[in-house]
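J.: Structure: run15.tsv, TSV, C-alpha atoms and all ligand atoms.
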```tsv
chain	number	residue	atom	x	y	z
A	164	MET	CA	-7.47	-18.79	-17.05
A	165	ASP	CA	-8.04	-19.45	-20.79
A	166	SER	CA	-10.56	-16.73	-21.46
A	167	PHE	CA	-11.85	-14.27	-18.92
A	168	SER	CA	-14.11	-12.10	-21.04
A	169	LYS	CA	-17.69	-12.01	-19.77
A	170	LEU	CA	-17.11	-15.06	-17.64
A	171	LYS	CA	-19.15	-15.15	-14.47
A	172	VAL	CA	-16.94	-15.24	-11.38
A	173	THR	CA	-18.82	-18.39	-10.37
A	174	GLU	CA	-17.65	-20.08	-13.61
A	175	CYS	CA	-13.98	-19.22	-13.38
A	176	GLU	CA	-11.10	-21.50	-12.64
A	177	THR	CA	-9.61	-20.89	-9.21
A	178	PRO	CA	-7.72	-19.63	-7.34
A	179	ILE	CA	-7.90	-16.11	-8.72
A	180	VAL	CA	-7.80	-12.61	-7.31
A	181	THR	CA	-10.66	-10.36	-8.35
A	182	VAL	CA	-11.34	-6.68	-7.85
A	183	ASP	CA	-14.86	-5.34	-7.95
A	184	LEU	CA	-14.45	-2.32	-10.22
A	185	ASP	CA	-17.51	-0.43	-8.95
A	186	ILE	CA	-16.26	-0.66	-5.38
A	187	MET	CA	-12.70	0.25	-6.37
A	188	GLU	CA	-13.79	3.29	-8.38
A	189	ARG	CA	-15.98	4.43	-5.50
A	190	ASN	CA	-13.05	4.04	-3.10
A	191	ILE	CA	-10.82	6.15	-5.36
A	192	ARG	CA	-13.42	8.92	-5.70
A	193	ARG	CA	-14.40	8.99	-2.04
A	194	GLU	CA	-10.78	9.11	-0.89
A	195	GLN	CA	-9.83	11.99	-3.16
A	196	ASP	CA	-13.00	13.95	-2.29
A	197	TYR	CA	-12.31	13.41	1.40
A	198	PHE	CA	-8.77	14.77	1.27
A	199	ASP	CA	-9.78	17.60	-1.06
A	200	GLY	CA	-12.45	18.50	1.48
A	201	LEU	CA	-9.87	18.57	4.26
A	202	GLY	CA	-7.55	20.74	2.18
A	203	LEU	CA	-4.82	18.09	2.36
A	204	LYS	CA	-2.75	16.84	-0.53
A	205	PHE	CA	-3.41	13.18	-1.20
A	206	ARG	CA	-0.67	10.92	-2.50
A	207	PRO	CA	-1.78	7.33	-3.18
A	208	HIS	CA	0.72	4.61	-2.40
A	209	VAL	CA	0.70	2.37	-5.47
A	210	LYS	CA	2.43	-0.56	-3.74
A	211	THR	CA	-1.07	-1.84	-2.99
A	212	HIS	CA	-2.01	-2.54	-6.61
A	213	LYS	CA	1.25	-2.20	-8.60
A	214	ILE	CA	-0.86	-1.65	-11.73
A	215	PRO	CA	-0.12	1.35	-14.00
A	216	GLU	CA	-3.77	1.69	-15.18
A	217	LEU	CA	-4.91	2.07	-11.57
A	218	THR	CA	-2.21	4.66	-10.92
A	219	ARG	CA	-3.64	6.62	-13.84
A	220	LEU	CA	-7.13	6.43	-12.34
A	221	GLN	CA	-5.80	7.76	-9.03
A	222	LEU	CA	-3.99	10.62	-10.77
A	223	GLU	CA	-7.03	11.47	-12.91
A	224	ALA	CA	-9.09	11.61	-9.71
A	225	GLY	CA	-6.82	14.44	-8.53
A	226	ALA	CA	-3.92	12.89	-6.59
A	227	ALA	CA	-0.99	15.25	-5.97
A	228	GLY	CA	1.51	12.60	-7.06
A	229	ILE	CA	2.22	9.01	-6.12
A	230	CYS	CA	4.20	7.08	-3.60
A	231	CYS	CA	6.28	4.03	-4.61
A	232	GLN	CA	8.06	1.99	-1.98
A	233	LYS	CA	11.04	0.95	-4.09
A	234	LEU	CA	13.02	2.30	-7.07
A	235	SER	CA	11.85	-0.57	-9.30
A	236	GLU	CA	8.20	0.23	-8.57
A	237	ALA	CA	8.90	3.88	-9.42
A	238	GLU	CA	10.59	2.88	-12.69
A	239	VAL	CA	7.48	0.96	-13.76
A	240	MET	CA	5.14	3.79	-12.82
A	241	ALA	CA	7.29	6.42	-14.53
A	242	ASP	CA	7.44	4.31	-17.70
A	243	GLU	CA	3.95	2.87	-17.83
A	244	ALA	CA	1.68	5.20	-15.86
A	245	GLY	CA	3.21	8.51	-16.90
A	246	ALA	CA	3.67	9.52	-13.26
A	247	THR	CA	5.41	12.89	-13.01
A	248	ASP	CA	5.73	13.28	-9.24
A	249	ILE	CA	6.99	10.28	-7.29
A	250	PHE	CA	7.92	10.05	-3.63
A	251	ILE	CA	9.87	6.99	-2.48
A	252	PRO	CA	9.59	7.01	1.33
A	253	TYR	CA	12.66	4.83	1.66
A	254	ASN	CA	16.38	5.24	2.28
A	255	ILE	CA	18.38	4.85	-0.92
A	256	VAL	CA	21.50	2.92	0.07
A	257	GLY	CA	24.36	1.60	-2.08
A	258	PRO	CA	26.08	2.60	-5.35
A	259	LYS	CA	23.72	0.68	-7.66
A	260	LYS	CA	20.69	2.30	-6.09
A	261	ILE	CA	22.29	5.73	-6.42
A	262	GLN	CA	22.75	5.14	-10.14
A	263	ARG	CA	19.14	4.05	-10.54
A	264	LEU	CA	17.85	7.08	-8.66
A	265	ALA	CA	20.02	9.19	-10.98
A	266	GLY	CA	18.38	7.37	-13.91
A	267	LEU	CA	14.94	8.40	-12.66
A	268	LEU	CA	16.12	11.97	-12.14
A	269	GLU	CA	17.32	12.08	-15.72
A	270	ARG	CA	13.78	11.56	-17.01
A	271	PRO	CA	12.46	14.89	-18.23
A	272	GLY	CA	9.51	16.23	-16.30
A	273	LEU	CA	9.73	13.71	-13.44
A	274	VAL	CA	9.91	15.23	-9.96
A	275	MET	CA	11.60	12.72	-7.61
A	276	THR	CA	11.65	12.82	-3.84
A	277	VAL	CA	13.12	10.19	-1.53
A	278	GLY	CA	13.14	9.58	2.21
A	279	ALA	CA	16.22	9.83	4.42
A	280	ASP	CA	16.76	9.21	8.10
A	281	SER	CA	20.56	9.43	8.08
A	282	LEU	CA	23.27	11.55	6.56
A	283	ASP	CA	24.36	8.46	4.60
A	284	ALA	CA	20.97	8.29	2.86
A	285	ALA	CA	20.93	12.06	2.27
A	286	LEU	CA	24.45	11.91	0.80
A	287	ALA	CA	23.34	9.04	-1.45
A	288	ALA	CA	20.44	11.15	-2.74
A	289	ASN	CA	22.83	14.03	-3.20
A	290	GLU	CA	25.18	11.86	-5.23
A	291	ALA	CA	22.28	10.76	-7.45
A	292	GLY	CA	21.43	14.43	-7.99
A	293	ARG	CA	25.06	15.18	-8.84
A	294	LEU	CA	25.19	12.33	-11.37
A	295	ALA	CA	21.93	13.47	-12.98
A	296	GLY	CA	22.85	17.17	-12.82
A	297	ARG	CA	19.54	17.89	-11.15
A	298	SER	CA	18.38	18.36	-7.58
A	299	VAL	CA	16.44	15.65	-5.78
A	300	GLY	CA	13.79	16.17	-3.12
A	301	VAL	CA	14.42	14.69	0.31
A	302	MET	CA	11.90	14.21	3.10
A	303	ILE	CA	13.36	13.41	6.50
A	304	GLU	CA	11.75	10.29	7.95
A	305	CYS	CA	10.49	10.70	11.51
A	306	ASP	CA	9.53	7.91	13.87
A	307	THR	CA	6.43	9.30	15.58
A	308	GLY	CA	5.49	6.03	17.26
A	309	GLY	CA	5.58	3.52	14.39
A	310	LYS	CA	8.99	2.21	15.51
A	311	ARG	CA	10.17	1.29	12.04
A	312	ALA	CA	12.74	3.50	10.31
A	313	GLY	CA	12.93	7.21	11.08
A	314	LEU	CA	14.50	9.63	13.54
A	315	SER	CA	12.82	9.51	16.92
A	316	SER	CA	13.94	12.87	18.31
A	317	THR	CA	13.43	16.37	16.97
A	318	GLU	CA	17.06	17.16	17.90
A	319	ALA	CA	18.18	14.44	15.48
A	320	VAL	CA	15.88	15.87	12.78
A	321	LEU	CA	17.44	19.30	13.22
A	322	GLU	CA	20.96	17.87	13.17
A	323	LEU	CA	20.28	15.97	9.92
A	324	ALA	CA	18.57	18.97	8.31
A	325	LEU	CA	21.57	21.18	9.14
A	326	GLU	CA	23.99	18.60	7.70
A	327	ILE	CA	21.88	18.33	4.53
A	328	LYS	CA	22.07	22.11	4.16
A	329	ARG	CA	25.82	22.01	4.73
A	330	GLN	CA	26.80	18.96	2.69
A	331	CYS	CA	24.10	18.20	0.13
A	332	GLU	CA	23.95	20.94	-2.46
A	333	MET	CA	21.92	18.78	-4.88
A	334	VAL	CA	19.24	18.07	-2.27
A	335	ASP	CA	16.06	20.09	-1.96
A	336	LEU	CA	14.94	19.51	1.63
A	337	VAL	CA	11.19	19.35	1.14
A	338	GLY	CA	9.96	18.43	4.60
A	339	LEU	CA	9.23	15.64	7.03
A	340	PHE	CA	7.30	12.39	6.79
A	341	THR	CA	6.20	9.59	9.07
A	342	PHE	CA	4.37	6.28	8.96
A	343	PRO	CA	1.84	5.62	10.27
A	344	THR	CA	0.30	8.87	11.46
A	345	GLU	CA	-0.29	8.70	15.21
A	346	LEU	CA	-3.05	11.03	16.29
A	347	THR	CA	-1.24	12.76	19.15
A	348	GLN	CA	2.44	11.95	18.70
A	349	THR	CA	2.67	12.91	15.02
A	350	PRO	CA	1.40	16.52	15.26
A	351	ALA	CA	3.39	17.01	18.48
A	352	PHE	CA	6.57	15.74	16.85
A	353	PHE	CA	6.05	17.70	13.63
A	354	SER	CA	5.31	20.96	15.44
A	355	GLU	CA	8.35	20.63	17.73
A	356	ALA	CA	10.59	19.72	14.79
A	357	ALA	CA	9.20	22.57	12.66
A	358	LYS	CA	9.92	25.08	15.42
A	359	LYS	CA	13.51	23.87	15.81
A	360	LEU	CA	14.04	23.97	12.04
A	361	GLU	CA	12.48	27.41	11.63
A	362	ASP	CA	14.61	28.78	14.48
A	363	ASN	CA	17.56	27.69	12.36
A	364	GLY	CA	16.30	29.23	9.15
A	365	ILE	CA	14.89	26.02	7.59
A	366	VAL	CA	11.21	26.11	6.63
A	367	PRO	CA	9.77	22.69	5.65
A	368	ARG	CA	7.15	22.86	2.90
A	369	MET	CA	5.63	19.43	3.49
A	370	PHE	CA	4.55	17.36	6.48
A	371	SER	CA	3.38	14.00	5.24
A	372	GLY	CA	1.59	11.28	7.20
A	373	GLY	CA	0.15	7.98	6.07
A	374	GLY	CA	-1.97	4.90	6.57
A	375	THR	CA	-5.45	3.73	5.60
A	376	PRO	CA	-6.63	2.65	9.08
A	377	ILE	CA	-6.02	6.13	10.54
A	378	GLN	CA	-7.12	8.16	7.53
A	379	TRP	CA	-10.66	9.08	8.64
A	380	GLN	CA	-9.25	10.71	11.77
A	381	VAL	CA	-6.53	12.95	10.33
A	382	GLY	CA	-8.79	15.90	9.52
A	383	GLY	CA	-7.81	19.03	11.42
A	384	LEU	CA	-4.56	17.59	12.78
A	385	PRO	CA	-2.16	20.50	13.02
A	386	TYR	CA	0.93	20.57	10.82
A	387	ILE	CA	0.00	17.74	8.46
A	388	THR	CA	-0.16	18.90	4.84
A	389	GLU	CA	-0.28	15.58	2.97
A	390	HIS	CA	-1.60	12.06	3.50
A	391	ARG	CA	-0.38	8.87	1.83
A	392	ALA	CA	-2.62	5.80	1.68
A	393	GLY	CA	-2.50	2.65	-0.43
A	394	THR	CA	-4.77	-0.02	1.00
A	395	TYR	CA	-7.91	2.16	0.68
A	396	ILE	CA	-8.21	1.37	-3.03
A	397	PHE	CA	-9.07	-2.31	-2.33
A	398	ASN	CA	-9.38	-2.54	1.47
A	399	ASP	CA	-8.94	-5.84	3.30
A	400	LYS	CA	-9.59	-7.66	6.54
A	401	ASN	CA	-7.07	-5.49	8.35
A	402	THR	CA	-8.92	-2.34	7.26
A	403	LEU	CA	-12.17	-4.01	8.36
A	404	GLY	CA	-10.70	-4.91	11.74
A	405	ALA	CA	-9.56	-1.31	12.22
A	406	GLY	CA	-13.13	-0.14	11.60
A	407	ALA	CA	-11.97	1.96	8.63
A	408	CYS	CA	-14.24	0.30	6.04
A	409	THR	CA	-17.20	-2.05	5.66
A	410	VAL	CA	-17.38	-5.32	3.74
A	411	ASP	CA	-19.09	-3.36	0.96
A	412	ASP	CA	-15.90	-1.27	0.60
A	413	CYS	CA	-13.67	-4.33	0.11
A	414	ALA	CA	-12.97	-4.51	-3.62
A	415	MET	CA	-10.46	-7.37	-3.52
A	416	ARG	CA	-11.85	-10.86	-3.22
A	417	VAL	CA	-9.85	-14.05	-3.61
A	418	ILE	CA	-11.92	-16.81	-5.20
A	419	CYS	CA	-11.03	-20.34	-4.11
A	420	THR	CA	-12.59	-23.79	-4.42
A	421	VAL	CA	-13.08	-26.38	-1.71
A	422	VAL	CA	-10.97	-29.33	-2.84
A	423	SER	CA	-11.19	-31.58	0.20
A	424	ARG	CA	-13.36	-32.14	3.28
A	425	PRO	CA	-11.11	-34.41	5.35
A	426	SER	CA	-13.38	-34.19	8.39
A	427	GLU	CA	-16.71	-32.82	9.52
A	428	THR	CA	-15.11	-29.62	10.78
A	429	ARG	CA	-12.34	-29.14	8.21
A	430	ALA	CA	-12.35	-27.97	4.61
A	431	ILE	CA	-9.34	-27.48	2.37
A	432	ILE	CA	-9.34	-24.75	-0.27
A	433	ASP	CA	-7.05	-24.42	-3.30
A	434	GLY	CA	-5.33	-21.27	-2.05
A	435	GLY	CA	-2.58	-21.07	0.55
A	436	SER	CA	0.36	-18.80	1.28
A	437	LYS	CA	1.28	-18.54	-2.43
A	438	VAL	CA	-2.15	-17.08	-3.16
A	439	PHE	CA	-2.88	-14.91	-0.11
A	440	SER	CA	0.58	-14.30	1.44
A	441	SER	CA	0.83	-15.18	5.12
A	442	ASP	CA	0.36	-11.72	6.58
A	443	PRO	CA	-1.43	-11.89	9.92
A	444	TRP	CA	-4.66	-10.24	10.96
A	445	LEU	CA	-3.17	-7.35	12.90
A	446	THR	CA	-6.37	-5.51	13.70
A	447	GLY	CA	-8.39	-8.42	15.08
A	448	PRO	CA	-8.43	-10.07	18.52
A	449	ALA	CA	-4.97	-11.27	19.61
A	450	GLU	CA	-6.05	-14.94	19.52
A	451	ALA	CA	-7.11	-14.54	15.87
A	452	LYS	CA	-3.84	-12.92	14.73
A	453	TYR	CA	-2.80	-15.97	12.72
A	454	THR	CA	-6.08	-16.48	10.87
A	455	PHE	CA	-6.07	-15.46	7.25
A	456	GLY	CA	-9.20	-14.02	5.72
A	457	LEU	CA	-12.93	-13.51	5.83
A	458	VAL	CA	-15.01	-16.10	3.95
A	459	LEU	CA	-18.07	-14.20	2.80
A	460	GLU	CA	-20.33	-17.22	2.29
A	461	TYR	CA	-19.39	-18.72	5.69
A	462	PRO	CA	-18.38	-15.87	8.01
A	463	GLU	CA	-18.04	-18.27	10.97
A	464	ALA	CA	-15.47	-20.36	9.11
A	465	VAL	CA	-11.92	-19.67	10.27
A	466	LEU	CA	-9.13	-19.72	7.70
A	467	ALA	CA	-6.86	-21.21	10.31
A	468	ALA	CA	-3.74	-22.36	8.46
A	469	PHE	CA	-1.88	-22.15	5.17
A	470	SER	CA	0.60	-24.35	3.47
A	471	GLU	CA	1.83	-23.23	0.07
A	472	GLU	CA	-1.12	-24.44	-1.99
A	473	HIS	CA	-3.66	-25.40	0.67
A	474	GLY	CA	-5.77	-23.30	2.98
A	475	THR	CA	-7.33	-25.00	6.00
A	476	LEU	CA	-10.76	-23.87	7.08
A	477	ASP	CA	-11.94	-24.67	10.56
A	478	LEU	CA	-15.70	-25.13	10.25
A	479	SER	CA	-16.47	-26.00	13.88
A	480	LYS	CA	-18.47	-22.81	14.42
A	481	CYS	CA	-20.46	-23.13	11.16
A	482	THR	CA	-24.03	-24.34	11.08
A	483	GLU	CA	-23.90	-24.63	7.27
A	484	ARG	CA	-20.73	-26.18	5.81
A	485	PRO	CA	-19.32	-26.02	2.26
A	486	LYS	CA	-19.10	-29.07	0.02
A	487	ILE	CA	-16.25	-30.20	-2.23
A	488	GLY	CA	-16.34	-28.16	-5.43
A	489	GLU	CA	-18.00	-25.14	-3.83
A	490	GLN	CA	-16.47	-21.77	-4.61
A	491	LEU	CA	-15.69	-19.38	-1.77
A	492	THR	CA	-15.17	-15.62	-1.84
A	493	ILE	CA	-12.51	-14.49	0.61
A	494	ILE	CA	-11.36	-11.04	1.71
A	495	PRO	CA	-7.63	-11.42	2.43
A	496	ASN	CA	-5.93	-10.01	5.52
A	497	HIS	CA	-3.61	-7.75	3.56
A	498	CYS	CA	-4.44	-6.82	-0.03
A	499	CYS	CA	-1.00	-5.31	-0.76
A	500	THR	CA	0.93	-8.53	-0.16
A	501	THR	CA	-1.76	-10.60	-1.91
A	502	THR	CA	-1.30	-8.46	-5.04
A	503	ASN	CA	2.41	-9.15	-5.06
A	504	MET	CA	1.77	-12.91	-5.24
A	505	HIS	CA	0.08	-12.69	-8.68
A	506	ASP	CA	0.80	-11.80	-12.28
A	507	GLN	CA	-2.72	-10.53	-12.87
A	508	ILE	CA	-5.90	-9.44	-11.16
A	509	TYR	CA	-9.35	-9.78	-12.72
A	510	GLY	CA	-11.71	-6.81	-12.81
A	511	VAL	CA	-15.34	-7.71	-12.05
A	512	ARG	CA	-18.63	-5.86	-12.62
A	513	ASP	CA	-21.95	-7.28	-11.52
A	514	GLY	CA	-20.44	-10.70	-10.96
A	515	GLU	CA	-18.83	-10.88	-14.41
A	516	ILE	CA	-15.13	-10.77	-15.16
A	517	VAL	CA	-14.76	-7.88	-17.59
A	518	ARG	CA	-11.04	-7.39	-17.81
A	519	GLU	CA	-7.60	-8.48	-16.73
A	520	PHE	CA	-4.99	-6.19	-15.20
A	521	LYS	CA	-1.36	-7.15	-15.49
A	522	ILE	CA	0.39	-6.45	-12.19
A	523	ALA	CA	3.27	-4.78	-13.93
A	524	ALA	CA	5.21	-3.93	-10.78
A	525	ARG	CA	4.74	-7.36	-9.24
A	526	GLY	CA	7.97	-8.43	-7.56
A	527	LYS	CA	9.49	-4.99	-8.09
A	528	VAL	CA	10.95	-4.90	-4.63
A	529	TRP	CA	14.51	-3.83	-5.37
B	1	LIG	C1	5.74	4.82	4.07
B	1	LIG	C2	4.33	4.40	3.84
B	1	LIG	N1	3.43	5.33	3.49
B	1	LIG	C3	2.14	5.01	3.26
B	1	LIG	C4	1.70	3.71	3.37
B	1	LIG	C5	0.27	3.39	3.06
B	1	LIG	O1	-0.39	2.78	4.14
B	1	LIG	P1	-1.73	1.95	3.92
B	1	LIG	O2	-1.39	0.78	3.10
B	1	LIG	O3	-2.18	1.64	5.30
B	1	LIG	O4	-2.68	2.84	3.21
B	1	LIG	C6	2.62	2.71	3.75
B	1	LIG	C7	2.20	1.31	3.91
B	1	LIG	O5	2.94	0.41	4.20
B	1	LIG	C8	3.96	3.07	3.98
B	1	LIG	O6	4.89	2.16	4.35
```
Using structure tokens, write down the structure that the file contains.
Ligand SMILES: Cc1ncc(COP(=O)(O)O)c(C=O)c1O
T.:
Amino acid sequence: MDSFSKLKVTECETPIVTVDLDIMERNIRREQDYFDGLGLKFRPHVKTHKIPELTRLQLEAGAAGICCQKLSEAEVMADEAGATDIFIPYNIVGPKKIQRLAGLLERPGLVMTVGADSLDAALAANEAGRLAGRSVGVMIECDTGGKRAGLSSTEAVLELALEIKRQCEMVDLVGLFTFPTELTQTPAFFSEAAKKLEDNGIVPRMFSGGGTPIQWQVGGLPYITEHRAGTYIFNDKNTLGAGACTVDDCAMRVICTVVSRPSETRAIIDGGSKVFSSDPWLTGPAEAKYTFGLVLEYPEAVLAAFSEEHGTLDLSKCTERPKIGEQLTIIPNHCCTTTNMHDQIYGVRDGEIVREFKIAARGKVW
């Protein structure tokens, strides 16, 4: 866009990604107040926005530190957001990664913690600590139902913790983490693991869970001391489908224009998979899994297919139908992957674009 200052969203060139700043600021405040009220530490996951200024807002609101999913994201946030406490809930694997973790550890005043679900990953963290001459925090990743990475038995957690104590002198074993928090399995797993560890003289200081969809239900869960959430800052159609927010809490809106009406029941918009990403709607009805966003002006329209630069709207259920040239406001399925498709996001207040945010950690996935 040539000039964004004081431009009405309705006048802007599309496709663009906007964030309603009033909604976003309210989301940040409400989230922090909620976790403060529960007595839990809150650690925002900045992979959702990848924007240093927004990290600063989250820290100023009272966050205990931040979460970055990859080393490169952490490097940006350490350099540009002044983050001083970063947790990377990811296994650090390979000599180049070890050197880069050591590079982060060498920054004065930066507390670094990484995830590990194997002795290999713990030894890699240890090696980074040795290179930097400084200890590195490690959280053991537990699979408490999410079936991604993580150890799925408390015996395996104990075994890894004992090996870390034996072999990793530069590792500070901070505690355990999981993703996403499962309401019954997570506390059960954490309490069983804690007992086994304590019986062996290891006392974890942190039990960290995560996820926006589950966040309003984690109050009072035994053993959890910290929550990590990212999506909450913008929210999206997946958060809506999970019942964890309302449309009024969705700060991210993708603005597209109808560029073709090939038939009575079909409209084509100027945004496809390179604008939205192709992430499915995981929290909706199974038959709607591969539909791609909520069109606010035409809620019955179904964003039924993407090619790279085209989005296909099925209008068969609409009584009113958009014309060529009409602008549409769309809540994407997954705001985190939408962010990563763009160099910038536009901040909006009262329907006017008031500023541009550079997505400084865009593409920082290594
Ligand atoms: C390890 C980890 N923690 C926390 C989060 C934040 O979850 P959400 O985006 O649902 O808030 C994620 C999301 O992918 C994650 O992978």
J.: Can you tell me which residues surround A:Glu427 at a distance of at most 9 Å, considering only C-alpha atoms, apart from same-chain residues fewer than 4 positions away, and format the answer as a PyMOL selection string?
T.: chain A and resi 478-479+484
J.: 7 Å from ligand LIG 1 (chain B) is the threshold here; counting all atoms listed in the file, which polymer residues fall inside it? Answer as a JSON list (two decimals) with C-alpha atoms, in the frame of the given file.
T.:
```
[["chain", "number", "residue", "atom", "x", "y", "z"],
["A", 208, "HIS", "CA", 0.72, 4.61, -2.40],
["A", 211, "THR", "CA", -1.07, -1.84, -2.99],
["A", 252, "PRO", "CA", 9.59, 7.01, 1.33],
["A", 341, "THR", "CA", 6.20, 9.59, 9.07],
["A", 342, "PHE", "CA", 4.37, 6.28, 8.96],
["A", 343, "PRO", "CA", 1.84, 5.62, 10.27],
["A", 373, "GLY", "CA", 0.15, 7.98, 6.07],
["A", 374, "GLY", "CA", -1.97, 4.90, 6.57],
["A", 375, "THR", "CA", -5.45, 3.73, 5.60],
["A", 376, "PRO", "CA", -6.63, 2.65, 9.08],
["A", 391, "ARG", "CA", -0.38, 8.87, 1.83],
["A", 392, "ALA", "CA", -2.62, 5.80, 1.68],
["A", 393, "GLY", "CA", -2.50, 2.65, -0.43],
["A", 394, "THR", "CA", -4.77, -0.02, 1.00],
["A", 395, "TYR", "CA", -7.91, 2.16, 0.68]]
```
J.: Can you pull out the residues contacting A:Leu325? Cut-off 9 Å, using all atoms listed in the file, and skip same-chain residues under 3 positions away; I want them as a PDB file with C-alpha atoms, in the frame of the given file.
T.:
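Result file follows (selection_32.pdb):
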```pdb
ATOM      1  CA  VAL A 320      15.880  15.870  12.780  1.00  0.00           C
ATOM      2  CA  LEU A 321      17.440  19.300  13.220  1.00  0.00           C
ATOM      3  CA  GLU A 322      20.960  17.870  13.170  1.00  0.00           C
ATOM      4  CA  LYS A 328      22.070  22.110   4.160  1.00  0.00           C
ATOM      5  CA  ARG A 329      25.820  22.010   4.730  1.00  0.00           C
ATOM      6  CA  GLN A 330      26.800  18.960   2.690  1.00  0.00           C
ATOM      7  CA  LEU A 360      14.040  23.970  12.040  1.00  0.00           C
ATOM      8  CA  ASN A 363      17.560  27.690  12.360  1.00  0.00           C
ATOM      9  CA  ILE A 365      14.890  26.020   7.590  1.00  0.00           C
TER      10      ILE A 365
END
```
J.: Find the residue from A:Ala244, A:Ala467, A:Ile487, A:Val438 that sits nearest to A:Arg219; use all atoms listed in the file when measuring.
T.: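 Closest residue, counting all atoms listed in the file: A:Ala244.
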J.: Out of A:Thr276, A:Ser354, A:Thr173, A:Thr402, which residue has the shortest atom-to-atom distance to A:Gly228 when counting only C-alpha atoms?
T.: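 Nearest to A:Gly228: A:Thr276.
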J.: Once 4 Å is added on each side, what centre and edge lengths in Å to one decimal does the axis-aligned box around all listed atoms of stretch 205-217 of chain A have, as AutoDock Vina command-line options?
T.:
```
--center_x -1.2 --center_y 5.3 --center_z -8.2 --size_x 15.3 --size_y 23.7 --size_z 22.0
```
J.: Could you check which of A:Phe397, A:Gly372, A:Lys521, A:Ala291 is closest to A:Ile191, using only C-alpha atoms?
T.: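 Among A:Phe397, A:Gly372, A:Lys521, A:Ala291, it is A:Phe397 that comes nearest to A:Ile191.
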